[in-house]
$ cat model08.tsv   # TSV, C-alpha atoms and all ligand atoms
chain	number	residue	atom	x	y	z
A	1449	MET	CA	100.11	91.46	97.83
A	1450	GLU	CA	97.50	89.30	96.05
A	1451	PHE	CA	93.97	90.59	95.43
A	1452	PRO	CA	90.93	88.50	94.47
A	1453	PHE	CA	90.60	90.12	91.05
A	1454	ASP	CA	92.57	90.52	87.84
A	1455	ILE	CA	94.99	93.37	88.61
A	1456	SER	CA	95.98	93.87	84.98
A	1457	SER	CA	92.40	94.61	83.90
A	1458	ILE	CA	91.99	97.16	86.72
A	1459	LEU	CA	95.28	99.06	86.67
A	1460	PRO	CA	96.53	100.21	83.28
A	1461	THR	CA	100.31	100.21	83.57
A	1462	ASP	CA	103.31	101.36	81.57
A	1463	LYS	CA	105.94	98.94	80.23
A	1464	ASN	CA	107.47	98.73	83.74
A	1465	SER	CA	104.12	97.62	85.20
A	1466	ILE	CA	103.73	100.93	86.99
A	1467	CYS	CA	100.35	102.65	87.10
A	1468	LEU	CA	100.21	106.42	87.67
A	1469	ILE	CA	96.97	107.81	89.06
A	1470	HIS	CA	96.14	111.47	89.62
A	1471	GLY	CA	93.76	112.09	92.54
A	1472	LYS	CA	91.89	114.85	90.68
A	1473	LYS	CA	91.34	112.89	87.50
A	1474	ILE	CA	90.23	109.64	89.03
A	1475	ARG	CA	86.44	110.16	88.86
A	1476	HIS	CA	86.32	111.08	85.21
A	1477	SER	CA	88.96	108.69	83.94
A	1478	THR	CA	88.59	105.42	82.11
A	1479	LEU	CA	90.08	103.97	85.28
A	1480	SER	CA	86.90	104.74	87.25
A	1481	LYS	CA	84.76	103.18	84.50
A	1482	ILE	CA	86.78	99.96	84.67
A	1483	ASN	CA	86.40	100.00	88.44
A	1484	SER	CA	82.66	99.55	88.79
A	1485	ARG	CA	81.31	99.61	92.33
A	1486	HIS	CA	80.68	96.47	94.33
A	1487	GLY	CA	77.65	96.14	96.63
A	1488	ASN	CA	79.60	97.36	99.68
A	1489	GLY	CA	80.54	100.65	98.02
A	1490	THR	CA	84.13	99.66	97.34
A	1491	THR	CA	85.77	99.23	93.97
A	1492	PRO	CA	88.79	97.06	93.15
A	1493	LEU	CA	90.82	100.28	92.94
A	1494	SER	CA	89.69	101.54	96.34
A	1495	ALA	CA	90.40	98.09	97.82
A	1496	ILE	CA	93.94	98.18	96.42
A	1497	ILE	CA	94.64	101.72	97.68
A	1498	ASP	CA	93.08	101.13	101.12
A	1499	THR	CA	94.87	97.80	101.63
A	1500	MET	CA	98.28	99.05	100.52
A	1501	GLY	CA	97.84	102.26	102.54
A	1502	THR	CA	96.99	100.25	105.65
A	1503	LEU	CA	100.01	97.97	105.20
A	1504	SER	CA	102.24	101.00	104.69
A	1505	SER	CA	101.09	102.66	107.90
A	1506	LYS	CA	101.55	99.39	109.82
A	1507	ALA	CA	105.07	99.00	108.42
A	1508	GLN	CA	105.87	102.55	109.55
A	1509	LYS	CA	104.11	102.04	112.92
A	1510	LEU	CA	101.93	105.10	112.31
A	1511	LYS	CA	98.77	105.74	114.31
A	1512	THR	CA	96.83	106.94	111.26
A	1513	ILE	CA	96.60	105.65	107.71
A	1514	ILE	CA	98.21	108.16	105.39
A	1515	THR	CA	96.90	106.75	102.13
A	1516	THR	CA	93.25	105.81	101.65
A	1517	TYR	CA	91.10	106.04	98.54
A	1518	SER	CA	88.77	108.60	100.11
A	1519	LYS	CA	91.64	110.84	101.27
A	1520	PHE	CA	93.33	110.58	97.86
A	1521	VAL	CA	90.46	111.10	95.45
A	1522	GLY	CA	89.96	114.73	94.41
A	1523	THR	CA	93.42	115.83	95.57
A	1524	ASN	CA	96.28	117.02	93.43
A	1525	GLN	CA	98.39	114.07	94.61
A	1526	ARG	CA	99.87	111.41	92.36
A	1527	LEU	CA	99.94	107.74	93.29
A	1528	TYR	CA	102.35	105.32	91.64
A	1529	ILE	CA	101.37	101.67	91.96
A	1530	LYS	CA	103.81	98.94	91.00
A	1531	THR	CA	102.32	95.61	89.95
A	1532	GLU	CA	103.83	92.30	89.00
A	1533	GLY	CA	101.57	89.72	87.40
A	1534	SER	CA	98.63	89.26	89.73
A	1535	LYS	CA	100.28	91.11	92.62
A	1536	VAL	CA	100.52	94.70	93.79
A	1537	VAL	CA	104.14	95.23	94.86
A	1538	GLY	CA	104.11	98.77	96.26
A	1539	ILE	CA	102.84	102.34	96.31
A	1540	LEU	CA	104.50	105.74	96.19
A	1541	LYS	CA	102.49	108.90	96.82
A	1542	ILE	CA	103.63	112.40	95.87
A	1543	GLY	CA	102.01	115.76	96.60
A	1544	GLU	CA	102.79	119.40	97.31
A	1545	ARG	CA	102.98	120.98	100.76
A	1546	ASP	CA	103.70	124.48	102.07
A	1547	LEU	CA	106.44	124.04	104.65
A	1548	PHE	CA	108.36	126.24	107.03
A	1549	TYR	CA	112.07	125.44	106.96
A	1550	ARG	CA	114.57	126.54	109.60
A	1551	ASP	CA	118.23	126.50	108.47
A	1552	GLN	CA	121.39	125.97	110.61
A	1553	ILE	CA	121.51	129.60	111.70
A	1554	GLY	CA	117.82	129.73	112.57
A	1555	ASP	CA	116.54	131.67	109.54
A	1556	ILE	CA	113.09	130.55	108.48
A	1557	LYS	CA	111.98	130.12	104.88
A	1558	GLU	CA	108.52	129.28	103.60
A	1559	LEU	CA	108.74	126.72	100.82
A	1560	THR	CA	106.23	125.01	98.57
A	1561	CYS	CA	107.73	121.57	98.10
A	1562	ALA	CA	106.91	118.47	96.16
A	1563	CYS	CA	106.90	115.82	98.87
A	1564	VAL	CA	107.27	112.08	99.16
A	1565	LEU	CA	104.21	111.43	101.32
A	1566	ASP	CA	103.99	107.64	101.43
A	1567	PHE	CA	106.27	104.96	100.07
A	1568	TYR	CA	105.81	101.27	100.66
A	1569	VAL	CA	107.01	98.04	99.10
A	1570	HIS	CA	105.34	94.86	100.34
A	1571	GLU	CA	107.45	92.94	102.87
A	1572	SER	CA	107.76	89.95	100.49
A	1573	CYS	CA	109.37	92.22	97.87
A	1574	GLN	CA	111.62	94.54	99.89
A	1575	ARG	CA	115.35	94.82	99.15
A	1576	LYS	CA	114.92	93.40	95.65
A	1577	GLY	CA	115.20	96.68	93.77
A	1578	TYR	CA	111.46	97.42	93.38
A	1579	GLY	CA	111.65	100.57	95.48
A	1580	LYS	CA	114.47	101.93	93.33
A	1581	GLU	CA	112.58	101.11	90.15
A	1582	MET	CA	109.45	102.89	91.41
A	1583	PHE	CA	111.38	105.92	92.65
A	1584	GLU	CA	113.28	106.25	89.36
A	1585	LYS	CA	110.06	106.09	87.33
A	1586	MET	CA	108.46	108.65	89.62
A	1587	LEU	CA	111.41	111.04	89.11
A	1588	GLU	CA	111.09	110.60	85.36
A	1589	TYR	CA	107.32	111.16	85.33
A	1590	GLU	CA	107.50	114.15	87.67
A	1591	GLY	CA	110.52	115.57	85.84
A	1592	MET	CA	112.45	116.07	89.09
A	1593	GLU	CA	115.64	115.08	90.90
A	1594	ALA	CA	115.54	113.18	94.20
A	1595	CYS	CA	117.05	116.13	96.12
A	1596	GLU	CA	114.14	118.37	95.03
A	1597	PHE	CA	111.65	116.48	97.22
A	1598	ALA	CA	110.86	117.00	100.87
A	1599	ILE	CA	110.30	113.69	102.63
A	1600	ASP	CA	107.48	113.35	105.16
A	1601	ARG	CA	108.76	111.66	108.34
A	1602	PRO	CA	111.16	109.27	106.58
A	1603	SER	CA	111.69	105.85	108.14
A	1604	GLY	CA	115.19	104.49	108.81
A	1605	LYS	CA	114.82	102.29	105.71
A	1606	LEU	CA	113.96	105.24	103.50
A	1607	LEU	CA	116.84	107.33	104.90
A	1608	LYS	CA	119.22	104.48	103.98
A	1609	PHE	CA	117.59	104.11	100.57
A	1610	LEU	CA	118.04	107.81	99.74
A	1611	LYS	CA	121.62	107.80	100.97
A	1612	LYS	CA	122.51	104.69	99.00
A	1613	TYR	CA	120.96	105.61	95.64
A	1614	TYR	CA	120.97	109.41	95.62
A	1615	GLY	CA	123.79	110.38	98.01
A	1616	LEU	CA	121.29	112.25	100.20
A	1617	TRP	CA	122.08	112.29	103.89
A	1618	GLU	CA	122.77	115.86	105.07
A	1619	PHE	CA	119.81	117.76	106.48
A	1620	VAL	CA	118.84	120.05	109.33
A	1621	PRO	CA	116.18	118.33	111.52
A	1622	GLN	CA	112.87	120.21	111.50
A	1623	ASN	CA	110.03	120.40	114.03
A	1624	ASN	CA	107.53	119.38	111.34
A	1625	ASN	CA	109.43	116.10	110.74
A	1626	TYR	CA	109.88	116.76	107.04
A	1627	VAL	CA	113.38	116.18	105.74
A	1628	ILE	CA	114.72	118.63	103.19
A	1629	TYR	CA	118.23	117.69	102.11
A	1630	GLU	CA	121.03	120.23	101.80
A	1631	GLN	CA	121.19	119.55	98.04
A	1632	TYR	CA	117.66	120.96	97.74
A	1633	PHE	CA	119.25	124.39	98.19
A	1634	THR	CA	122.47	123.80	96.24
A	1635	LYS	CA	121.25	121.75	93.26
A	1636	GLY	CA	118.01	121.42	91.33
A	1637	ARG	CA	115.42	124.09	90.59
A	1638	PHE	CA	115.57	125.89	93.95
A	1639	ALA	CA	119.21	126.70	93.19
A	1640	GLY	CA	118.31	127.63	89.61
A	1641	GLY	CA	119.23	124.19	88.28
A	1642	LYS	CA	117.96	122.69	85.06
A	1643	LYS	CA	114.43	121.25	85.03
A	1644	ARG	CA	113.85	117.77	83.68
A	1645	ASN	CA	111.00	117.19	81.25
A	1646	LYS	CA	107.81	115.95	82.82
A	1647	VAL	CA	106.44	112.91	81.03
A	1648	GLY	CA	103.81	111.67	83.48
A	1649	PHE	CA	100.90	113.67	82.30
A	1650	ILE	CA	101.03	112.28	78.79
A	1651	ILE	CA	100.34	108.88	80.28
A	1652	LEU	CA	97.59	110.27	82.50
A	1653	ILE	CA	95.40	111.06	79.51
A	1654	PHE	CA	94.78	107.34	79.12
A	1655	PHE	CA	93.92	106.86	82.78
B	1	LIG	N1	117.10	97.93	106.47
B	1	LIG	C1	117.95	98.89	106.06
B	1	LIG	N2	117.89	99.46	104.83
B	1	LIG	C2	116.90	99.05	104.01
B	1	LIG	C3	115.96	98.07	104.39
B	1	LIG	C4	116.09	97.49	105.68
B	1	LIG	N3	115.27	96.52	106.14
B	1	LIG	N4	115.08	97.90	103.38
B	1	LIG	C5	115.47	98.72	102.38
B	1	LIG	N5	116.57	99.43	102.76
B	1	LIG	C6	117.29	100.44	101.94
B	1	LIG	C7	118.77	100.04	101.88
B	1	LIG	O1	119.51	101.14	101.47
B	1	LIG	C8	118.74	98.98	100.79
B	1	LIG	O2	120.02	98.72	100.23
B	1	LIG	P1	120.85	97.43	100.82
B	1	LIG	O3	119.94	96.26	100.69
B	1	LIG	O4	122.06	97.37	99.94
B	1	LIG	O5	121.16	97.76	102.26
B	1	LIG	C9	117.84	99.62	99.79
B	1	LIG	O6	116.85	100.34	100.57
B	1	LIG	C10	117.16	98.58	98.91
B	1	LIG	O7	116.60	99.22	97.80
B	1	LIG	P2	115.29	98.65	97.14
B	1	LIG	O8	115.30	97.16	97.12
B	1	LIG	O9	115.11	99.34	95.84
B	1	LIG	O10	114.21	99.18	98.18
B	1	LIG	P3	112.82	98.50	98.63
B	1	LIG	O11	112.16	97.83	97.50
B	1	LIG	O12	113.05	97.70	99.87
B	1	LIG	O13	111.98	99.81	99.00
B	1	LIG	C11	111.28	101.00	100.98
B	1	LIG	C12	112.43	100.72	99.98
B	1	LIG	C13	110.10	101.63	100.24
B	1	LIG	C14	111.80	101.98	102.05
B	1	LIG	C15	110.84	99.65	101.61
B	1	LIG	O14	111.93	99.08	102.29
B	1	LIG	C16	109.65	99.75	102.55
B	1	LIG	O15	108.50	99.75	102.10
B	1	LIG	N6	109.90	99.81	103.86
B	1	LIG	C17	108.83	99.79	104.87
B	1	LIG	C18	107.98	101.05	104.82
B	1	LIG	C19	108.81	102.30	104.91
B	1	LIG	O16	109.69	102.43	105.75
B	1	LIG	N7	108.49	103.25	104.01
B	1	LIG	C20	109.07	104.59	103.99
B	1	LIG	C21	108.32	105.39	104.99
B	1	LIG	S1	108.63	107.15	104.98
B	1	LIG	C22	107.64	107.77	103.76
B	1	LIG	O17	106.85	107.08	103.18
B	1	LIG	C23	107.72	109.22	103.36

$ encode --input "model08.tsv" --output "structure tokens" --more "lines below"
Ligand code: ACO
Amino acid sequence: MEFPFDISSILPTDKNSICLIHGKKIRHSTLSKINSRHGNGTTPLSAIIDTMGTLSSKAQKLKTIITTYSKFVGTNQRLYIKTEGSKVVGILKIGERDLFYRDQIGDIKELTCACVLDFYVHESCQRKGYGKEMFEKMLEYEGMEACEFAIDRPSGKLLKFLKKYYGLWEFVPQNNNYVIYEQYFTKGRFAGGKKRNKVGFIILIFF
């Protein structure tokens, strides 16, 4: 997705051209200083987030837009933005949710889960490996395994993606439409598994 401004001067990225933004730190970061306001109250950053969020919701045929700048700013959520040259390729939004989970025998657990809340790769770039690259970087930055995330209302494409790359396919359908894979309970930190090191927040200092 092309924008009418120089993406590289607006989004500081890592060596993989991925920018990590924390909703709580946005106002006081160098990122907000780079993104000076235009006359209409928008900034290049808010235009990028609002446009990509709108495209994501359209692609998922959702009635509401999950990711907007105003909904994101001030939250504890993390937004990964993949760029390539002058284009924004995709977004991946992560955040925590308190969820009720009903298992096969009907027992209910209350869980606080890191969740994949919104994931979108622009139509012109899908099925070229960008989604995998973004997801892998996110796992590294968050210091987590794929099975440790709950997925908010995953699309058919995302279900196939998670099955293909992470062997995730078994889950008990929930009324709240979140998917928590069986491996959540058998591997990873819920099952007492080893935690990966979180590297994301080192990078955040510069943003
Ligand atoms: N049909 C079926 N499977 C697909 C499709 C598709 N049209 N697109 C991607 N996939 C899955 C397949 O497993 C595919 O492997 P294959 O080509 O061998 O079949 C694999 O993803 C491709 O991997 P990547 O190229 O790394 O993935 P991509 O860059 O396409 O990103 C994503 C995946 C984010 C799901 C992207 O396809 C997309 O944005 N889709 C539209 C929006 C969407 O559905 N987002 C998820 C919503 S749910 C949520 O956000 C919590």

$ closest_residue --input "model08.tsv" --among "A:Ile1628, A:Leu1616, A:Cys1467, A:Leu1540" --to "Phe1583 (chain A)" --atoms "all atoms listed in the file"
A:Leu1540

$ closest_residue --input "model08.tsv" --among "A:Gln1631, A:Ser1494, A:Ser1504, A:Thr1515" --to "Val1537 (chain A)" --atoms "only C-alpha atoms"
A:Ser1504

$ axis_aligned_box --input "model08.tsv" --around "ligand LIG 1 (chain B)" --padding-each-side "4 Å" --output "AutoDock Vina command-line options"
--center_x 114.5 --center_y 102.7 --center_z 101.2 --size_x 23.2 --size_y 21.0 --size_z 18.6

$ closest_residue --input "model08.tsv" --among "A:Phe1597, A:Phe1520, A:Tyr1528, A:Tyr1613" --to "Val1627 (chain A)" --atoms "only C-alpha atoms"
A:Phe1597

$ residues_around --input "model08.tsv" --residues "Arg1526 (chain A)" --least-positions-apart "5" --cutoff "10 Å" --atoms "all atoms listed in the file" --output "PyMOL selection string"
chain A and resi 1468-1473+1520-1521+1540-1544+1565+1586+1590+1648

$ residues_near_ligand --input "model08.tsv" --ligand "ligand LIG 1 (chain B)" --cutoff "6 Å" --atoms "only C-alpha atoms and all ligand atoms" --output "NGL selection string"
:A and (1504 or 1507-1508 or 1564-1569 or 1574-1580 or 1599-1603 or 1605-1606 or 1608-1609 or 1612)

$ write_last_selection --input "model08.tsv" --atoms "C-alpha atoms" --output "CSV table (one decimal), in the frame of the given file"
chain,number,residue,atom,x,y,z
A,1504,SER,CA,102.2,101.0,104.7
A,1507,ALA,CA,105.1,99.0,108.4
A,1508,GLN,CA,105.9,102.6,109.6
A,1564,VAL,CA,107.3,112.1,99.2
A,1565,LEU,CA,104.2,111.4,101.3
A,1566,ASP,CA,104.0,107.6,101.4
A,1567,PHE,CA,106.3,105.0,100.1
A,1568,TYR,CA,105.8,101.3,100.7
A,1569,VAL,CA,107.0,98.0,99.1
A,1574,GLN,CA,111.6,94.5,99.9
A,1575,ARG,CA,115.4,94.8,99.2
A,1576,LYS,CA,114.9,93.4,95.6
A,1577,GLY,CA,115.2,96.7,93.8
A,1578,TYR,CA,111.5,97.4,93.4
A,1579,GLY,CA,111.6,100.6,95.5
A,1580,LYS,CA,114.5,101.9,93.3
A,1599,ILE,CA,110.3,113.7,102.6
A,1600,ASP,CA,107.5,113.4,105.2
A,1601,ARG,CA,108.8,111.7,108.3
A,1602,PRO,CA,111.2,109.3,106.6
A,1603,SER,CA,111.7,105.8,108.1
A,1605,LYS,CA,114.8,102.3,105.7
A,1606,LEU,CA,114.0,105.2,103.5
A,1608,LYS,CA,119.2,104.5,104.0
A,1609,PHE,CA,117.6,104.1,100.6
A,1612,LYS,CA,122.5,104.7,99.0

$ closest_residue --input "model08.tsv" --among "A:Val1536, A:Ile1556, A:Leu1493, A:Ile1529" --to "Tyr1517 (chain A)" --atoms "only C-alpha atoms"
A:Leu1493

$ atom_distance --input "model08.tsv" --atom1 "CA of Glu1581 (chain A)" --atom2 "CA of Lys1611 (chain A)"
15.6 Å

$ closest_residue --input "model08.tsv" --among "A:Thr1634, A:Gln1622, A:Thr1491, A:Ser1465" --to "Gly1554 (chain A)" --atoms "only C-alpha atoms"
A:Gln1622

$ atom_distance --input "model08.tsv" --atom1 "CA of Ser1534 (chain A)" --atom2 "CA of Gly1501 (chain A)"
18.3 Å
